[in-house]
Structures are given as C-alpha cells and as structure tokens.
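Below is entry00.cif, holding mmCIF, C-alpha atoms.
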```cif
data_structure
#
loop_
_atom_site.label_atom_id
_atom_site.label_comp_id
_atom_site.auth_asym_id
_atom_site.auth_seq_id
_atom_site.Cartn_x
_atom_site.Cartn_y
_atom_site.Cartn_z
CA MET S 247 -10.43 -45.70 41.07
CA LYS S 248 -11.85 -42.16 41.11
CA ILE S 249 -9.23 -41.07 43.60
CA LYS S 250 -6.44 -42.41 41.41
CA LEU S 251 -7.86 -40.59 38.37
CA LEU S 252 -8.12 -37.42 40.40
CA SER S 253 -4.53 -37.76 41.59
CA ALA S 254 -3.40 -38.38 38.02
CA PHE S 255 -5.26 -35.25 36.88
CA ILE S 256 -3.65 -33.17 39.63
CA THR S 257 -0.22 -34.54 38.69
CA ILE S 258 -0.77 -33.59 35.03
CA SER S 259 -1.96 -30.13 36.01
CA LEU S 260 1.12 -29.59 38.18
CA ILE S 261 3.46 -30.66 35.38
CA ILE S 262 1.77 -28.37 32.84
CA SER S 263 1.85 -25.46 35.23
CA CYS S 264 5.63 -25.79 35.42
CA PHE S 265 5.90 -24.38 31.89
CA ALA S 266 5.27 -20.91 30.53
CA ILE S 267 5.27 -19.09 33.82
CA THR S 268 6.00 -15.45 33.18
CA VAL S 269 7.00 -13.34 36.08
CA SER S 270 7.39 -9.61 35.72
CA ALA S 271 8.39 -7.15 38.30
CA GLU S 272 8.42 -3.43 37.86
CA GLU S 273 9.69 -0.77 40.14
CA VAL S 274 6.83 1.30 41.45
CA THR S 275 7.55 4.94 41.93
CA GLN S 276 5.21 7.07 43.94
CA ASP S 277 4.85 10.84 44.12
CA VAL S 278 5.90 11.38 40.50
CA SER S 279 6.14 15.11 39.97
CA SER S 280 6.85 15.13 36.23
CA VAL S 281 6.08 13.00 33.23
CA ARG S 282 7.95 12.67 29.98
CA SER S 283 6.29 12.33 26.61
CA THR S 284 8.16 11.63 23.40
CA VAL S 285 7.30 13.57 20.28
CA CYS S 286 8.09 11.66 17.14
CA TYR S 287 8.06 13.21 13.68
CA ASN S 288 8.98 11.08 10.73
CA LEU S 289 10.39 13.19 7.92
CA HIS S 290 10.29 11.01 4.85
CA GLY S 291 12.32 13.14 2.46
CA GLU S 292 11.99 15.75 -0.22
CA TYR S 293 9.99 13.85 -2.79
CA CYS S 294 8.15 10.67 -3.70
CA ILE S 295 7.82 9.76 -7.36
CA VAL S 296 5.24 7.23 -8.53
CA ILE S 297 6.47 4.99 -11.34
CA PRO S 298 4.60 2.20 -13.16
CA GLY S 299 4.92 -1.12 -11.35
CA SER S 300 4.92 -3.43 -14.32
CA LEU S 301 4.52 -3.29 -18.05
CA MET S 302 0.91 -3.83 -19.06
CA MET S 303 1.70 -4.61 -22.66
CA SER S 304 -1.60 -6.35 -23.30
CA LYS S 305 -3.42 -3.10 -22.61
CA GLY S 306 -1.09 -1.08 -24.77
CA ASP S 307 -1.28 1.66 -22.22
CA VAL S 308 0.97 4.61 -21.88
CA LEU S 309 2.86 4.40 -18.60
CA ASN S 310 2.43 7.41 -16.35
CA ILE S 311 5.00 8.91 -14.01
CA THR S 312 3.57 11.20 -11.35
CA THR S 313 4.44 12.64 -7.96
CA ASP S 314 3.08 11.65 -4.60
CA TYR S 315 4.58 14.60 -2.77
CA LEU S 316 7.21 17.23 -3.44
CA HIS S 317 8.79 19.26 -0.64
CA LEU S 318 10.93 21.46 -2.84
CA THR S 319 12.06 25.04 -2.78
CA SER S 320 11.42 27.27 -5.78
CA ASN S 321 14.89 26.62 -7.24
CA GLU S 322 14.73 22.83 -6.93
CA SER S 323 13.30 20.29 -9.32
CA VAL S 324 13.13 16.51 -9.61
CA GLN S 325 14.09 14.96 -12.91
CA VAL S 326 13.07 11.46 -14.00
CA SER S 327 14.94 9.75 -16.82
CA LEU S 328 15.68 6.18 -17.86
CA ASN S 329 18.63 4.39 -16.27
CA ASP S 330 21.15 2.40 -18.32
CA LYS S 331 19.84 -0.78 -16.68
CA THR S 332 16.71 -0.41 -18.82
CA PHE S 333 18.59 -1.21 -22.00
CA ALA S 334 20.30 -4.39 -23.10
CA TRP S 335 24.06 -4.11 -22.59
CA ASP S 336 24.75 -4.98 -26.22
CA ASP S 337 21.87 -3.25 -27.96
CA GLU S 338 20.23 0.11 -28.46
CA TYR S 339 16.72 -0.97 -27.57
CA PHE S 340 14.75 -1.84 -24.53
CA LYS S 341 13.87 -5.52 -24.72
CA ILE S 342 11.02 -7.61 -23.40
CA GLU S 343 11.21 -11.37 -23.02
CA HIS S 344 8.70 -14.04 -24.04
CA ASN S 345 7.67 -15.87 -20.90
CA GLY S 346 7.83 -19.35 -22.45
CA THR S 347 10.58 -19.30 -25.04
CA HIS S 348 12.65 -16.40 -23.63
CA THR S 349 12.71 -14.85 -27.09
CA LEU S 350 13.60 -11.19 -26.90
CA LEU S 351 11.56 -8.49 -28.59
CA ASP S 352 12.86 -4.98 -29.25
CA CYS S 353 10.69 -2.10 -28.09
CA LYS S 354 10.74 1.53 -29.00
CA LEU S 355 10.28 3.97 -26.16
CA TYR S 356 8.61 7.34 -26.59
CA ALA S 357 8.60 9.95 -23.84
CA SER S 358 6.22 12.88 -23.56
CA THR S 359 4.44 14.82 -20.82
CA SER S 360 0.92 16.00 -20.16
CA LYS S 361 2.11 19.51 -21.07
CA ASN S 362 4.16 18.63 -24.11
CA SER S 363 2.67 15.92 -26.27
CA GLU S 364 5.58 15.87 -28.71
CA ALA S 365 7.05 12.39 -28.26
CA LEU S 366 10.79 11.93 -27.91
CA GLU S 367 12.19 8.57 -29.00
CA ILE S 368 14.63 7.14 -26.48
CA THR S 369 17.30 4.59 -27.30
CA LYS S 370 20.45 3.72 -25.38
CA SER S 371 22.63 6.19 -27.29
CA ASN S 372 19.95 8.68 -28.24
CA ASN S 373 18.20 10.77 -25.56
CA ALA S 374 18.77 8.07 -22.92
CA THR S 375 19.78 10.66 -20.36
CA SER S 376 17.15 13.18 -21.44
CA PRO S 377 14.49 13.60 -18.78
CA ILE S 378 11.12 12.01 -19.43
CA VAL S 379 9.62 14.57 -17.09
CA THR S 380 10.82 17.29 -14.72
CA PHE S 381 8.76 18.15 -11.65
CA ASN S 382 9.04 21.31 -9.60
CA SER S 383 7.01 22.78 -6.77
CA ASP S 384 4.87 24.91 -9.12
CA ASP S 385 4.36 22.09 -11.55
CA ALA S 386 3.71 19.02 -9.43
CA ASP S 387 0.64 17.99 -11.45
CA THR S 388 2.60 17.33 -14.62
CA VAL S 389 2.42 13.71 -15.75
CA GLY S 390 5.34 12.04 -17.49
CA LYS S 391 4.28 9.57 -20.17
CA LEU S 392 6.28 6.69 -21.52
CA GLN S 393 4.97 4.67 -24.41
CA VAL S 394 6.42 1.22 -25.07
CA VAL S 395 5.95 0.04 -28.65
CA PRO S 396 7.02 -3.57 -29.33
CA GLN S 397 8.63 -4.10 -32.74
CA VAL S 398 6.80 -7.30 -33.62
CA GLU S 399 8.22 -9.45 -36.41
CA LYS S 400 6.67 -12.41 -38.22
CA ALA S 401 8.92 -14.81 -36.36
CA SER S 402 7.95 -13.41 -32.97
CA PRO S 403 6.19 -16.14 -30.96
CA ALA S 404 2.76 -15.33 -29.62
CA GLY S 405 2.29 -15.09 -25.89
CA ALA S 406 3.05 -12.85 -22.97
CA TYR S 407 6.22 -10.76 -22.87
CA THR S 408 7.64 -9.05 -19.82
CA GLY S 409 10.44 -6.61 -19.13
CA THR S 410 11.48 -4.15 -16.49
CA LEU S 411 12.21 -0.47 -16.79
CA HIS S 412 14.64 1.22 -14.46
CA PHE S 413 14.29 4.92 -13.79
CA ASP S 414 16.79 7.51 -12.63
CA ILE S 415 15.43 10.12 -10.20
CA THR S 416 17.57 13.15 -9.44
CA LEU S 417 16.91 16.23 -7.32
CA LEU S 418 18.46 19.26 -8.99
CA SER S 419 19.21 22.67 -7.49
CA GLU S 420 19.73 25.68 -9.73
CA MET R 71 -4.27 -52.44 36.26
CA LYS R 72 -6.58 -50.49 33.97
CA CYS R 73 -5.97 -47.39 36.03
CA LYS R 74 -2.20 -47.76 35.64
CA LYS R 75 -2.62 -47.96 31.87
CA ILE R 76 -4.66 -44.74 31.85
CA LEU R 77 -2.07 -43.03 34.01
CA LEU R 78 0.73 -44.23 31.74
CA LEU R 79 -1.18 -43.04 28.68
CA ALA R 80 -1.69 -39.63 30.28
CA VAL R 81 2.02 -39.29 31.08
CA VAL R 82 2.95 -40.27 27.50
CA CYS R 83 0.49 -37.68 26.15
CA ILE R 84 2.02 -34.96 28.33
CA LEU R 85 5.52 -35.85 27.27
CA PHE R 86 4.45 -35.80 23.62
CA VAL R 87 2.76 -32.38 23.89
CA THR R 88 5.75 -30.94 25.77
CA ALA R 89 8.19 -32.30 23.19
CA LEU R 90 6.04 -30.89 20.36
CA PHE R 91 5.94 -27.49 22.07
CA PHE R 92 9.71 -27.25 22.36
CA LEU R 93 10.21 -28.63 18.84
CA LEU R 94 7.95 -25.96 17.31
CA ARG R 95 9.71 -23.23 19.28
CA SER R 96 13.14 -24.28 18.15
CA CYS R 97 12.29 -24.71 14.44
CA PRO R 98 13.31 -21.90 12.00
CA LYS R 99 10.30 -20.02 10.71
CA GLY R 100 11.01 -20.49 7.01
CA GLN R 101 13.34 -22.09 4.57
CA GLU R 102 13.60 -19.03 2.33
CA SER R 103 16.85 -18.41 0.59
CA MET R 104 19.16 -15.92 2.27
CA LEU R 105 19.28 -13.86 -0.91
CA LEU R 106 15.60 -12.96 -0.94
CA SER R 107 14.50 -13.09 2.65
CA GLU R 108 12.83 -10.21 4.42
CA ASP R 109 15.33 -7.86 6.03
CA ILE R 110 15.30 -8.31 9.79
CA ASN R 111 16.35 -4.68 10.26
CA ALA R 112 13.22 -3.38 8.56
CA VAL R 113 10.92 -2.03 11.24
CA ASP R 114 7.48 -0.44 11.16
CA ILE R 115 7.40 3.11 9.82
CA LEU R 116 6.99 5.53 12.70
CA SER R 117 3.99 7.30 11.23
CA SER R 118 1.55 6.58 8.44
CA ASP R 119 2.40 8.22 5.15
CA THR R 120 0.22 9.54 2.41
CA THR R 121 1.27 7.70 -0.70
CA ILE R 122 -1.28 7.14 -3.39
CA ALA R 123 0.25 4.31 -5.35
CA GLY R 124 -2.11 1.58 -6.43
CA ASP R 125 -1.49 -1.98 -7.52
CA ASP R 126 0.20 -1.07 -10.77
CA TYR R 127 2.27 1.79 -9.47
CA ILE R 128 5.23 2.00 -7.16
CA ALA R 129 5.98 5.03 -5.00
CA ILE R 130 9.72 5.71 -4.82
CA PRO R 131 10.74 8.07 -2.01
CA GLY R 132 13.85 10.19 -2.22
CA PHE R 133 15.85 12.76 -0.34
CA GLU R 134 18.57 15.25 -1.11
CA ARG R 135 21.13 14.55 1.60
CA LEU R 136 22.22 12.09 4.29
CA ILE R 137 24.46 13.12 7.17
CA ALA R 138 27.13 10.78 8.55
CA TYR R 139 30.01 11.29 10.99
CA SER R 140 33.63 10.32 10.48
CA TRP R 141 33.82 8.94 14.02
CA LYS R 142 30.77 6.70 13.72
CA ASN R 143 30.47 3.51 11.78
CA ASP R 144 26.74 3.78 11.28
CA ILE R 145 24.49 6.20 9.42
CA ASP R 146 21.02 7.27 10.55
CA CYS R 147 18.71 7.21 7.56
CA ASN R 148 15.10 6.73 6.51
CA ILE R 149 14.91 4.19 3.73
CA TYR R 150 11.33 2.99 3.60
CA ASN R 151 8.80 1.20 1.48
CA PRO R 152 5.60 3.32 1.43
CA GLU R 153 2.68 1.61 3.08
CA ARG R 154 0.45 1.48 0.02
CA ASN R 155 2.99 -0.06 -2.33
CA ASN R 156 2.05 -3.51 -3.47
CA CYS R 157 5.55 -4.94 -3.71
CA TYR R 158 8.76 -5.60 -1.81
CA PHE R 159 11.74 -3.28 -2.02
CA LYS R 160 15.34 -4.42 -2.03
CA VAL R 161 17.73 -1.50 -1.79
CA ASN R 162 21.42 -0.98 -2.54
CA VAL R 163 23.20 2.09 -1.26
CA SER R 164 26.25 2.97 -3.28
CA VAL R 165 28.82 5.72 -2.69
CA GLU R 166 30.93 7.13 -5.50
CA GLY R 167 34.56 6.06 -5.20
CA ILE R 168 33.76 3.51 -2.49
CA GLY R 169 31.11 1.21 -3.95
CA ASP R 170 28.18 -0.48 -2.26
CA ILE R 171 27.99 0.31 1.45
CA PHE R 172 24.66 -1.33 2.14
CA SER R 173 22.45 -3.96 0.59
CA SER R 174 19.15 -4.82 2.20
CA GLY R 175 16.96 -7.87 2.18
CA LEU R 176 13.33 -7.55 1.17
CA ILE R 177 11.55 -4.60 2.75
CA ALA R 178 7.78 -5.00 2.96
CA PRO R 179 5.41 -2.02 2.54
CA GLY R 180 5.13 -0.07 5.79
CA LYS R 181 8.65 -1.05 6.86
CA ALA R 182 11.72 1.15 7.04
CA ILE R 183 15.42 0.94 7.68
CA TYR R 184 16.62 3.66 10.02
CA ARG R 185 20.27 2.71 10.39
CA ILE R 186 23.01 1.54 8.06
CA GLU R 187 25.99 -0.19 9.62
CA LEU R 188 29.33 0.45 7.94
CA SER R 189 32.34 -1.81 8.12
CA GLU R 190 34.43 1.28 8.90
CA PRO R 191 33.67 5.02 9.21
CA LEU R 192 33.93 7.20 6.11
CA SER R 193 36.36 10.10 5.76
CA GLU R 194 35.07 13.65 6.04
CA GLY R 195 33.64 15.07 2.82
CA GLU R 196 30.72 15.02 0.42
CA TYR R 197 30.07 11.96 -1.70
CA SER R 198 27.71 11.53 -4.65
CA SER R 199 25.61 8.52 -3.75
CA THR R 200 22.70 6.48 -5.00
CA ILE R 201 19.96 4.29 -3.63
CA THR R 202 18.83 1.68 -6.11
CA TYR R 203 15.35 0.28 -5.51
CA TYR R 204 14.72 -3.20 -6.89
CA CYS R 205 11.05 -4.13 -6.65
CA TYR R 206 9.57 -7.63 -6.43
CA THR R 207 6.09 -9.11 -6.30
CA PHE R 208 4.81 -10.69 -3.08
CA ASP R 209 4.34 -14.16 -4.55
CA GLU R 210 6.81 -17.01 -4.16
CA GLU R 211 8.39 -16.31 -7.55
CA LYS R 212 9.34 -12.77 -6.46
CA THR R 213 8.98 -11.52 -10.03
CA PRO R 214 11.08 -8.39 -10.65
CA LEU R 215 9.08 -5.22 -11.28
CA ASN R 216 10.23 -1.86 -12.57
CA GLY R 217 12.80 -0.17 -10.37
CA ALA R 218 14.51 3.16 -9.83
CA THR R 219 17.74 4.77 -8.74
CA THR R 220 17.62 7.95 -6.67
CA HIS R 221 20.61 10.25 -6.29
CA PHE R 222 21.62 12.00 -3.07
CA VAL R 223 24.64 13.57 -1.37
CA LEU R 224 26.23 11.74 1.56
CA GLU R 225 27.81 14.38 3.77
CA VAL R 226 30.36 13.04 6.25
CA LYS R 227 31.08 15.48 9.08
CA ASN R 228 33.95 15.47 11.52
CA GLU R 229 32.20 17.34 14.31
CA ASN R 230 30.36 15.76 17.24
#
```

Is it possible to express this structure as structure tokens?
Amino acid sequence: MKIKLLSAFITISLIISCFAITVSAEEVTQDVSSVRSTVCYNLHGEYCIVIPGSLMMSKGDVLNITTDYLHLTSNESVQVSLNDKTFAWDDEYFKIEHNGTHTLLDCKLYASTSKNSEALEITKSNNATSPIVTFNSDDADTVGKLQVVPQVEKASPAGAYTGTLHFDITLLSE
Amino acid sequence: MKCKKILLLAVVCILFVTALFFLLRSCPKGQESMLLSEDINAVDILSSDTTIAGDDYIAIPGFERLIAYSWKNDIDCNIYNPERNNCYFKVNVSVEGIGDIFSSGLIAPGKAIYRIELSEPLSEGEYSSTITYYCYTFDEEKTPLNGATTHFVLEVKNEN
C-alpha cells in the first residue's frame, strides 16, 4: 500500500515538473576589455502648468492656476486662457449640471491674478480668449485665479452640481 | 481497490489544477470597454519628475516643438502623465489642416507615450498643432475632470 502511494506521489511530481520549466542560455564572453553604459536624460518639455482638478463648488473656493516648472528664455511666456469647450455651444455662460436631475445652472467666471486683483468677467463672447494669467521666467510665482459664481434661481434644485473647465495653454515668443 | 481510488482521485486533481492553470492564463485580464481602457503603449517614465500637484490639481506638461521626418511614419515624442497626478490622461494630438493624428487610451500617472505612429508620413513643413488632455478619475465611473489644450509646432523635416 505504502509503495503504491509512493509511486503515485512520484508520478504526480513528474507530471507537475513537466510544466513551467524555464531554460535560459546566455553567451558568456570572457576577457571583456570595454563596457558600455547608457546615459538616459528625460527632457519633459518647456513648462508644466498646474490647473484645478475639479470644481469644489461646495467650498466656494477660488481656483488657482500655478506653474510646476518653466524652462523659458527671457522672451518667452506661457499664457493660460479658457478654451471654447468650457462654454455651452448655444450659450454665453459656463454651465454646471445637477447630478440627479441634470438641470443646468449658469455660472459667471471671474479671472484675476495674485498681482492684479481686478476681476475680469469671462463669457463666451466677452474676454473668452483673454488670458487668465501669463507666466514668464521672471514671474513664475504668479498665481492665476478663477472664481466660479453659480447664478442660483428659485427653481434651481438643491444638490451637488458638477462641470468641467477646459484651459488653453500657449507658449508665446516675442 | 481503495488504493486505486486514491490514485484516480489524485490524477483527477492534477488534471483539474492543470486545466485551471491554462484557463487562467488564456483569459483576458479585464472586460473594460475599448474606449476607456489603459493605453498599452504607455510605458513607465524614464526618470522621476518633480511635479507638485495634489489631489485637487492636475499638472499639464507642455512643449514648444516636436520634430518629425517626412520619410518616417512615426514621431518620437514625450507625452506623459506626471507621477503625482491623481487622475488618468487621455490625449488627442491634432494637426492644423490634417486633423487628429493620434488618440490615446487612458494614461496612468507615471506613464508616458514616446512614439506616435502615423498612417502615412507628413509633408515637409511647420504645422500648428495641439495636444488636448482629457482627465478622468481612477474610479470605475471615470468621471471627467477639468482638462487642457496645449499648443505646439510640429516641424516636419526632409533631412536624415
């Protein structure tokens, strides 16, 4: 009985060992007189702009636009404005949508910067292409600010509203 | 007799485990839709970057110029999702007068696309071009986040 069990165990082991056998062979070179090392440098680009990820309407915050890095010459600048995709195709205003009922709510957008607090109202036909903020190598710490003000009406259903902004980022050379 | 039963049971077990092994290997890894699946061409970024974006912010990288060759039907590029972003990127590369030349799948943070395949090489010249970044949350709903379009010049050279 024990011998049969043992033979069964050996048979199982042999069958299992048939699978997943990896054989690797590599050419061995002796007396190597030189070695090669690869130098890798990953150049990411001229700039990286940090935009708000989502609209935090419940906080009523002003959305900040900043830079991560700028590799610009003295005559270059990076301009951030709003893209047409931000606005409804048939309306002047940026709209946010009620998560449950899909009711749309108009929002006014006001742009300013940390260096110029005078707010500029942006609608589709008015100042839409005006830059919210312009960064250059001497002025990388400037913060662009975009305030989203929902135009709440009595009929507006309560609840959470969401919307997405789309920015235009352009590198300009003088 | 009892021994034969044990042996038979053992053989059946082995066959079952082997079949399960091959079944798991041959199964597709997910049933995600083709429209929003992670781009298989997105590879790890070659070096760590220094982005500072947090959960509520998205770092959008940009560059001034891309070089292509009129005798090659691919373009070397560096379209990447910074490591510290907390969202997926989906990018569209569009060339003025030609239209979209590339549309990616989802690119996870820390992944990059280093080559764009073209259906046919472009003619020599300079083209105004854009990369549009669509951003999505990691969850199953893939909720759209704010996005951006960056502008660059695609320079197509004739030389080798």

Expanded to explicit residues, what is the PyMOL selection byres ((chain R) within 6 of (chain S)) for this file, as a PyMOL selection string? chain R and resi 121+126-133+215-221

Go through R:Leu192, R:Ile171, R:Ile137, R:Cys205 one by one, measure the shortest atom-to-atom distance of each to Phe159 of chain R using all atoms listed in the file, and give the residue with the smallest value. R:Cys205

Please check which residues have atoms at most 6 Å from (26.0, 3.9, 9.5) in the file's coordinates, counting all atoms listed in the file, and write them as a PyMOL selection string. chain R and resi 143-145+185-188

What gap, in Å, lies between atom CA of Glu420 of chain S and atom CA of Asn321 of chain S?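 Taking atom CA of Glu420 of chain S and atom CA of Asn321 of chain S, their separation equals 5.5 Å.
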
Close residues, Thr359 of chain S itself excluded, 7 Å, all atoms listed in the file, min 2 positions apart in chain, as a list in words: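 Those residues are Lys361, Asn362, Ser363, Val379, Thr388, Val389, Gly390 and Lys391 of chain S.
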
Please complete segment 141-167 of chain R so it has N, CA, C and O atoms, and hand it over as an mmCIF file, in the coordinates of the input.
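The result, written out as result_30.cif:
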```cif
data_model
loop_
_atom_site.group_PDB
_atom_site.id
_atom_site.type_symbol
_atom_site.label_atom_id
_atom_site.label_comp_id
_atom_site.auth_asym_id
_atom_site.auth_seq_id
_atom_site.Cartn_x
_atom_site.Cartn_y
_atom_site.Cartn_z
ATOM 1 N N TRP R 141 33.453 9.710 12.839
ATOM 2 C CA TRP R 141 33.820 8.940 14.020
ATOM 3 C C TRP R 141 32.794 7.844 14.338
ATOM 4 O O TRP R 141 32.921 7.150 15.342
ATOM 5 N N LYS R 142 31.807 7.719 13.477
ATOM 6 C CA LYS R 142 30.770 6.700 13.720
ATOM 7 C C LYS R 142 30.739 5.714 12.566
ATOM 8 O O LYS R 142 30.849 6.130 11.407
ATOM 9 N N ASN R 143 30.568 4.459 12.894
ATOM 10 C CA ASN R 143 30.470 3.510 11.780
ATOM 11 C C ASN R 143 29.031 3.068 11.522
ATOM 12 O O ASN R 143 28.777 1.945 11.105
ATOM 13 N N ASP R 144 28.109 4.001 11.768
ATOM 14 C CA ASP R 144 26.740 3.780 11.280
ATOM 15 C C ASP R 144 26.148 5.116 10.822
ATOM 16 O O ASP R 144 26.621 6.181 11.195
ATOM 17 N N ILE R 145 25.141 5.005 9.979
ATOM 18 C CA ILE R 145 24.490 6.200 9.420
ATOM 19 C C ILE R 145 23.001 6.130 9.739
ATOM 20 O O ILE R 145 22.353 5.119 9.449
ATOM 21 N N ASP R 146 22.472 7.198 10.336
ATOM 22 C CA ASP R 146 21.020 7.270 10.550
ATOM 23 C C ASP R 146 20.368 7.668 9.234
ATOM 24 O O ASP R 146 20.806 8.622 8.585
ATOM 25 N N CYS R 147 19.342 6.943 8.852
ATOM 26 C CA CYS R 147 18.710 7.210 7.560
ATOM 27 C C CYS R 147 17.208 6.902 7.646
ATOM 28 O O CYS R 147 16.710 6.540 8.717
ATOM 29 N N ASN R 148 16.523 7.083 6.567
ATOM 30 C CA ASN R 148 15.100 6.730 6.510
ATOM 31 C C ASN R 148 14.833 6.143 5.132
ATOM 32 O O ASN R 148 14.375 6.829 4.231
ATOM 33 N N ILE R 149 15.158 4.885 5.001
ATOM 34 C CA ILE R 149 14.910 4.190 3.730
ATOM 35 C C ILE R 149 13.665 3.344 3.952
ATOM 36 O O ILE R 149 13.692 2.418 4.755
ATOM 37 N N TYR R 150 12.581 3.690 3.275
ATOM 38 C CA TYR R 150 11.330 2.990 3.600
ATOM 39 C C TYR R 150 10.562 2.604 2.349
ATOM 40 O O TYR R 150 10.755 3.175 1.279
ATOM 41 N N ASN R 151 9.708 1.636 2.542
ATOM 42 C CA ASN R 151 8.800 1.200 1.480
ATOM 43 C C ASN R 151 7.424 1.753 1.837
ATOM 44 O O ASN R 151 6.837 1.331 2.841
ATOM 45 N N PRO R 152 6.898 2.727 1.084
ATOM 46 C CA PRO R 152 5.600 3.320 1.430
ATOM 47 C C PRO R 152 4.513 2.275 1.632
ATOM 48 O O PRO R 152 4.466 1.263 0.917
ATOM 49 N N GLU R 153 3.678 2.570 2.600
ATOM 50 C CA GLU R 153 2.680 1.610 3.080
ATOM 51 C C GLU R 153 1.771 1.067 1.983
ATOM 52 O O GLU R 153 1.360 -0.075 2.018
ATOM 53 N N ARG R 154 1.437 1.906 1.021
ATOM 54 C CA ARG R 154 0.450 1.480 0.020
ATOM 55 C C ARG R 154 1.060 0.823 -1.203
ATOM 56 O O ARG R 154 0.356 0.481 -2.141
ATOM 57 N N ASN R 155 2.382 0.685 -1.217
ATOM 58 C CA ASN R 155 2.990 -0.060 -2.330
ATOM 59 C C ASN R 155 2.548 -1.511 -2.265
ATOM 60 O O ASN R 155 2.285 -2.043 -1.181
ATOM 61 N N ASN R 156 2.492 -2.125 -3.419
ATOM 62 C CA ASN R 156 2.050 -3.510 -3.470
ATOM 63 C C ASN R 156 3.204 -4.422 -3.891
ATOM 64 O O ASN R 156 3.048 -5.316 -4.716
ATOM 65 N N CYS R 157 4.379 -4.149 -3.346
ATOM 66 C CA CYS R 157 5.550 -4.940 -3.710
ATOM 67 C C CYS R 157 6.607 -4.813 -2.606
ATOM 68 O O CYS R 157 6.504 -3.969 -1.728
ATOM 69 N N TYR R 158 7.592 -5.700 -2.693
ATOM 70 C CA TYR R 158 8.760 -5.600 -1.810
ATOM 71 C C TYR R 158 9.778 -4.648 -2.418
ATOM 72 O O TYR R 158 9.863 -4.507 -3.639
ATOM 73 N N PHE R 159 10.562 -4.019 -1.578
ATOM 74 C CA PHE R 159 11.740 -3.280 -2.020
ATOM 75 C C PHE R 159 12.977 -4.086 -1.623
ATOM 76 O O PHE R 159 12.993 -4.733 -0.577
ATOM 77 N N LYS R 160 14.006 -3.994 -2.451
ATOM 78 C CA LYS R 160 15.340 -4.420 -2.030
ATOM 79 C C LYS R 160 16.249 -3.267 -2.433
ATOM 80 O O LYS R 160 16.228 -2.859 -3.588
ATOM 81 N N VAL R 161 16.978 -2.704 -1.476
ATOM 82 C CA VAL R 161 17.730 -1.500 -1.790
ATOM 83 C C VAL R 161 19.239 -1.726 -1.692
ATOM 84 O O VAL R 161 19.707 -2.516 -0.868
ATOM 85 N N ASN R 162 19.949 -1.015 -2.566
ATOM 86 C CA ASN R 162 21.420 -0.980 -2.540
ATOM 87 C C ASN R 162 21.838 0.476 -2.381
ATOM 88 O O ASN R 162 21.377 1.320 -3.145
ATOM 89 N N VAL R 163 22.672 0.746 -1.415
ATOM 90 C CA VAL R 163 23.200 2.090 -1.260
ATOM 91 C C VAL R 163 24.645 2.080 -1.746
ATOM 92 O O VAL R 163 25.454 1.266 -1.285
ATOM 93 N N SER R 164 24.917 2.956 -2.686
ATOM 94 C CA SER R 164 26.250 2.970 -3.280
ATOM 95 C C SER R 164 26.845 4.368 -3.177
ATOM 96 O O SER R 164 26.154 5.362 -3.387
ATOM 97 N N VAL R 165 28.122 4.439 -2.836
ATOM 98 C CA VAL R 165 28.820 5.720 -2.690
ATOM 99 C C VAL R 165 29.916 5.802 -3.742
ATOM 100 O O VAL R 165 30.686 4.848 -3.915
ATOM 101 N N GLU R 166 29.952 6.941 -4.425
ATOM 102 C CA GLU R 166 30.930 7.130 -5.500
ATOM 103 C C GLU R 166 32.355 7.020 -4.955
ATOM 104 O O GLU R 166 32.694 7.629 -3.939
ATOM 105 N N GLY R 167 33.164 6.226 -5.610
ATOM 106 C CA GLY R 167 34.560 6.060 -5.200
ATOM 107 C C GLY R 167 34.756 5.007 -4.124
ATOM 108 O O GLY R 167 35.883 4.642 -3.801
#
```
